[in-house]
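Asker: Encoded as structure tokens, here's the structure I'll be asking about.
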Amino acid sequence: MKNKTINLLLVCLFISSSCSFDDISVENKLVGKWKLDRITINGDESYTESVSMMGSTYCFFEDNTFDLILTQSEDKLNGTWQLKKNSSKLVIAFSGVLNEYTIERMNTYDLWLSLINEDGIVMFKYKSSE
């Protein structure tokens, strides 16, 4: 009886530790197409200087490269991306510029990145476009 109880506990432990969507690595969640939906500065959504960026799409690839397709001009910029060890910091490099973003939210549908610049806290809200 004792062996059956131990085996049952081991099976329950195994089942409860099985993979779920939350266990998928941040890298795997990030890979794909993300379309810029909103930009806020210090919580203000009426920031007009960012209008030209709206609708632009990041395409993150598994080899840590990306394409940024600018909606207004349809230009395509290429660069690299890297997650820092704690996986909440995303470093994007293109055209000789490094930007470090904090990942505020990431799930199947939303990717929210923030950074601090001279204007304050800038939040970029992306929607999955796949």
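Labels for the structure tokens follow display order: chains A, B, ..., residues from 1 in each chain, ligands from 1.
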Just list as a PDB file with N, CA, C and O atoms, in the first residue's frame whatever in range 40-93 of chain A DSSP marks as strand (DSSP E).

Answerer:
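In the end it all went to selection.pdb:
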ATOM      1  N   THR A  40       2.678  55.275 -25.441  1.00  0.00           N
ATOM      2  CA  THR A  40       2.330  56.244 -24.409  1.00  0.00           C
ATOM      3  C   THR A  40       3.615  56.820 -23.825  1.00  0.00           C
ATOM      4  O   THR A  40       4.641  56.141 -23.774  1.00  0.00           O
ATOM      5  N   ILE A  41       3.539  58.081 -23.423  1.00  0.00           N
ATOM      6  CA  ILE A  41       4.637  58.743 -22.733  1.00  0.00           C
ATOM      7  C   ILE A  41       4.090  59.149 -21.369  1.00  0.00           C
ATOM      8  O   ILE A  41       3.126  59.912 -21.295  1.00  0.00           O
ATOM      9  N   THR A  57       6.062  47.130 -37.850  1.00  0.00           N
ATOM     10  CA  THR A  57       6.083  45.739 -37.408  1.00  0.00           C
ATOM     11  C   THR A  57       7.506  45.257 -37.157  1.00  0.00           C
ATOM     12  O   THR A  57       8.382  45.442 -38.006  1.00  0.00           O
ATOM     13  N   TYR A  58       7.699  44.672 -35.981  1.00  0.00           N
ATOM     14  CA  TYR A  58       8.933  43.953 -35.679  1.00  0.00           C
ATOM     15  C   TYR A  58       8.715  42.491 -36.026  1.00  0.00           C
ATOM     16  O   TYR A  58       7.712  41.905 -35.625  1.00  0.00           O
ATOM     17  N   CYS A  59       9.649  41.912 -36.754  1.00  0.00           N
ATOM     18  CA  CYS A  59       9.658  40.476 -37.029  1.00  0.00           C
ATOM     19  C   CYS A  59      10.890  39.907 -36.351  1.00  0.00           C
ATOM     20  O   CYS A  59      12.011  40.110 -36.825  1.00  0.00           O
ATOM     21  N   PHE A  60      10.689  39.247 -35.205  1.00  0.00           N
ATOM     22  CA  PHE A  60      11.797  38.654 -34.462  1.00  0.00           C
ATOM     23  C   PHE A  60      12.000  37.221 -34.938  1.00  0.00           C
ATOM     24  O   PHE A  60      11.048  36.452 -35.022  1.00  0.00           O
ATOM     25  N   THR A  65      17.962  37.767 -34.900  1.00  0.00           N
ATOM     26  CA  THR A  65      17.923  38.905 -35.807  1.00  0.00           C
ATOM     27  C   THR A  65      16.473  39.364 -35.891  1.00  0.00           C
ATOM     28  O   THR A  65      15.552  38.664 -35.451  1.00  0.00           O
ATOM     29  N   PHE A  66      16.279  40.554 -36.434  1.00  0.00           N
ATOM     30  CA  PHE A  66      14.921  41.045 -36.632  1.00  0.00           C
ATOM     31  C   PHE A  66      14.872  41.945 -37.849  1.00  0.00           C
ATOM     32  O   PHE A  66      15.885  42.473 -38.309  1.00  0.00           O
ATOM     33  N   ASP A  67      13.676  42.110 -38.358  1.00  0.00           N
ATOM     34  CA  ASP A  67      13.367  43.124 -39.356  1.00  0.00           C
ATOM     35  C   ASP A  67      12.383  44.082 -38.717  1.00  0.00           C
ATOM     36  O   ASP A  67      11.460  43.653 -38.022  1.00  0.00           O
ATOM     37  N   LEU A  68      12.569  45.350 -38.940  1.00  0.00           N
ATOM     38  CA  LEU A  68      11.611  46.364 -38.531  1.00  0.00           C
ATOM     39  C   LEU A  68      11.075  46.980 -39.805  1.00  0.00           C
ATOM     40  O   LEU A  68      11.818  47.594 -40.572  1.00  0.00           O
ATOM     41  N   ILE A  69       9.794  46.778 -40.056  1.00  0.00           N
ATOM     42  CA  ILE A  69       9.161  47.301 -41.264  1.00  0.00           C
ATOM     43  C   ILE A  69       8.379  48.548 -40.873  1.00  0.00           C
ATOM     44  O   ILE A  69       7.424  48.485 -40.100  1.00  0.00           O
ATOM     45  N   LYS A  76      12.657  48.753 -44.612  1.00  0.00           N
ATOM     46  CA  LYS A  76      12.919  47.619 -43.738  1.00  0.00           C
ATOM     47  C   LYS A  76      14.306  47.780 -43.146  1.00  0.00           C
ATOM     48  O   LYS A  76      15.292  47.905 -43.872  1.00  0.00           O
ATOM     49  N   LEU A  77      14.362  47.827 -41.822  1.00  0.00           N
ATOM     50  CA  LEU A  77      15.616  47.908 -41.100  1.00  0.00           C
ATOM     51  C   LEU A  77      15.916  46.532 -40.525  1.00  0.00           C
ATOM     52  O   LEU A  77      15.013  45.799 -40.139  1.00  0.00           O
ATOM     53  N   ASN A  78      17.200  46.200 -40.479  1.00  0.00           N
ATOM     54  CA  ASN A  78      17.614  44.917 -39.929  1.00  0.00           C
ATOM     55  C   ASN A  78      18.462  45.155 -38.700  1.00  0.00           C
ATOM     56  O   ASN A  78      19.149  46.157 -38.608  1.00  0.00           O
ATOM     57  N   GLY A  79      18.409  44.226 -37.790  1.00  0.00           N
ATOM     58  CA  GLY A  79      19.224  44.339 -36.598  1.00  0.00           C
ATOM     59  C   GLY A  79      19.277  43.037 -35.842  1.00  0.00           C
ATOM     60  O   GLY A  79      18.894  41.982 -36.364  1.00  0.00           O
ATOM     61  N   THR A  80      19.748  43.129 -34.610  1.00  0.00           N
ATOM     62  CA  THR A  80      19.847  41.962 -33.745  1.00  0.00           C
ATOM     63  C   THR A  80      19.127  42.239 -32.434  1.00  0.00           C
ATOM     64  O   THR A  80      18.923  43.400 -32.062  1.00  0.00           O
ATOM     65  N   TRP A  81      18.745  41.178 -31.759  1.00  0.00           N
ATOM     66  CA  TRP A  81      18.109  41.304 -30.452  1.00  0.00           C
ATOM     67  C   TRP A  81      18.702  40.272 -29.508  1.00  0.00           C
ATOM     68  O   TRP A  81      19.227  39.255 -29.928  1.00  0.00           O
ATOM     69  N   GLN A  82      18.635  40.599 -28.229  1.00  0.00           N
ATOM     70  CA  GLN A  82      19.165  39.706 -27.207  1.00  0.00           C
ATOM     71  C   GLN A  82      18.397  39.940 -25.918  1.00  0.00           C
ATOM     72  O   GLN A  82      18.063  41.077 -25.585  1.00  0.00           O
ATOM     73  N   LEU A  83      18.120  38.872 -25.216  1.00  0.00           N
ATOM     74  CA  LEU A  83      17.524  38.978 -23.894  1.00  0.00           C
ATOM     75  C   LEU A  83      18.627  38.903 -22.852  1.00  0.00           C
ATOM     76  O   LEU A  83      19.532  38.088 -22.968  1.00  0.00           O
ATOM     77  N   LYS A  89      14.688  42.036 -19.754  1.00  0.00           N
ATOM     78  CA  LYS A  89      15.338  43.121 -20.494  1.00  0.00           C
ATOM     79  C   LYS A  89      15.640  42.646 -21.909  1.00  0.00           C
ATOM     80  O   LYS A  89      16.271  41.620 -22.117  1.00  0.00           O
ATOM     81  N   LEU A  90      15.187  43.430 -22.883  1.00  0.00           N
ATOM     82  CA  LEU A  90      15.395  43.131 -24.292  1.00  0.00           C
ATOM     83  C   LEU A  90      16.301  44.206 -24.875  1.00  0.00           C
ATOM     84  O   LEU A  90      15.986  45.396 -24.789  1.00  0.00           O
ATOM     85  N   VAL A  91      17.421  43.781 -25.457  1.00  0.00           N
ATOM     86  CA  VAL A  91      18.345  44.715 -26.083  1.00  0.00           C
ATOM     87  C   VAL A  91      18.193  44.572 -27.595  1.00  0.00           C
ATOM     88  O   VAL A  91      18.309  43.477 -28.143  1.00  0.00           O
ATOM     89  N   ILE A  92      17.881  45.692 -28.248  1.00  0.00           N
ATOM     90  CA  ILE A  92      17.697  45.727 -29.695  1.00  0.00           C
ATOM     91  C   ILE A  92      18.787  46.626 -30.271  1.00  0.00           C
ATOM     92  O   ILE A  92      18.998  47.743 -29.800  1.00  0.00           O
ATOM     93  N   ALA A  93      19.477  46.117 -31.308  1.00  0.00           N
ATOM     94  CA  ALA A  93      20.569  46.879 -31.927  1.00  0.00           C
ATOM     95  C   ALA A  93      20.340  46.967 -33.429  1.00  0.00           C
ATOM     96  O   ALA A  93      20.108  45.956 -34.085  1.00  0.00           O
TER      97      ALA A  93
END

Asker: If we count only C-alpha atoms, what is near Leu30 in chain A at a cut-off of 9 Å, once residues fewer than 2 positions away on the same chain are taken out, given as a PyMOL selection string?

Answerer: chain A and resi 25-28+32-34+60-62+106-107+111

Asker: Which distance in Å separates CA of Lys29 in chain A and CA of Gln72 in chain A, to one decimal?

Answerer: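 Between these atoms lies a distance of 26.9 Å.
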
Asker: Have a look at A:Ile121, A:Asp75, A:Met53, A:Ile103 and name the one nearest to Ser87 in chain A; count only C-alpha atoms.

Answerer: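 Checking each candidate against Ser87 in chain A, we get A:Ile103 as the closest.
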
Asker: Go ahead and compute the interatomic distance for CA of Gly55 in chain A and CA of Leu36 in chain A, in Å to one decimal.

Answerer: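 One can read the CA of Gly55 in chain A to CA of Leu36 in chain A distance as 4.9 Å.
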
Asker: Distance CA of Val31 in chain A-CA of Leu115 in chain A, one decimal place?

Answerer: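 CA of Val31 in chain A sits 20.2 Å away from CA of Leu115 in chain A.
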
Asker: May I ask which of the residues A:Ser88, A:Met54, A:Glu130, A:Val97 is the closest one to Trp112 in chain A, counting only C-alpha atoms?

Answerer: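 Closest residue, counting only C-alpha atoms: A:Ser88.
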
Asker: Could you pull out all residues of range 11-126 of chain A with a DSSP call of helix (DSSP H, G or I) and give them as a PyMOL selection string?

Answerer: chain A and resi 11-16+21-23+26-30+51-53

Asker: Using only C-alpha atoms, which residues sit within 10 Å of Asn42 in chain A once same-chain residues fewer than 4 positions away are excluded, as number ranges by chain?

Answerer: A: 47, 116, 119-123
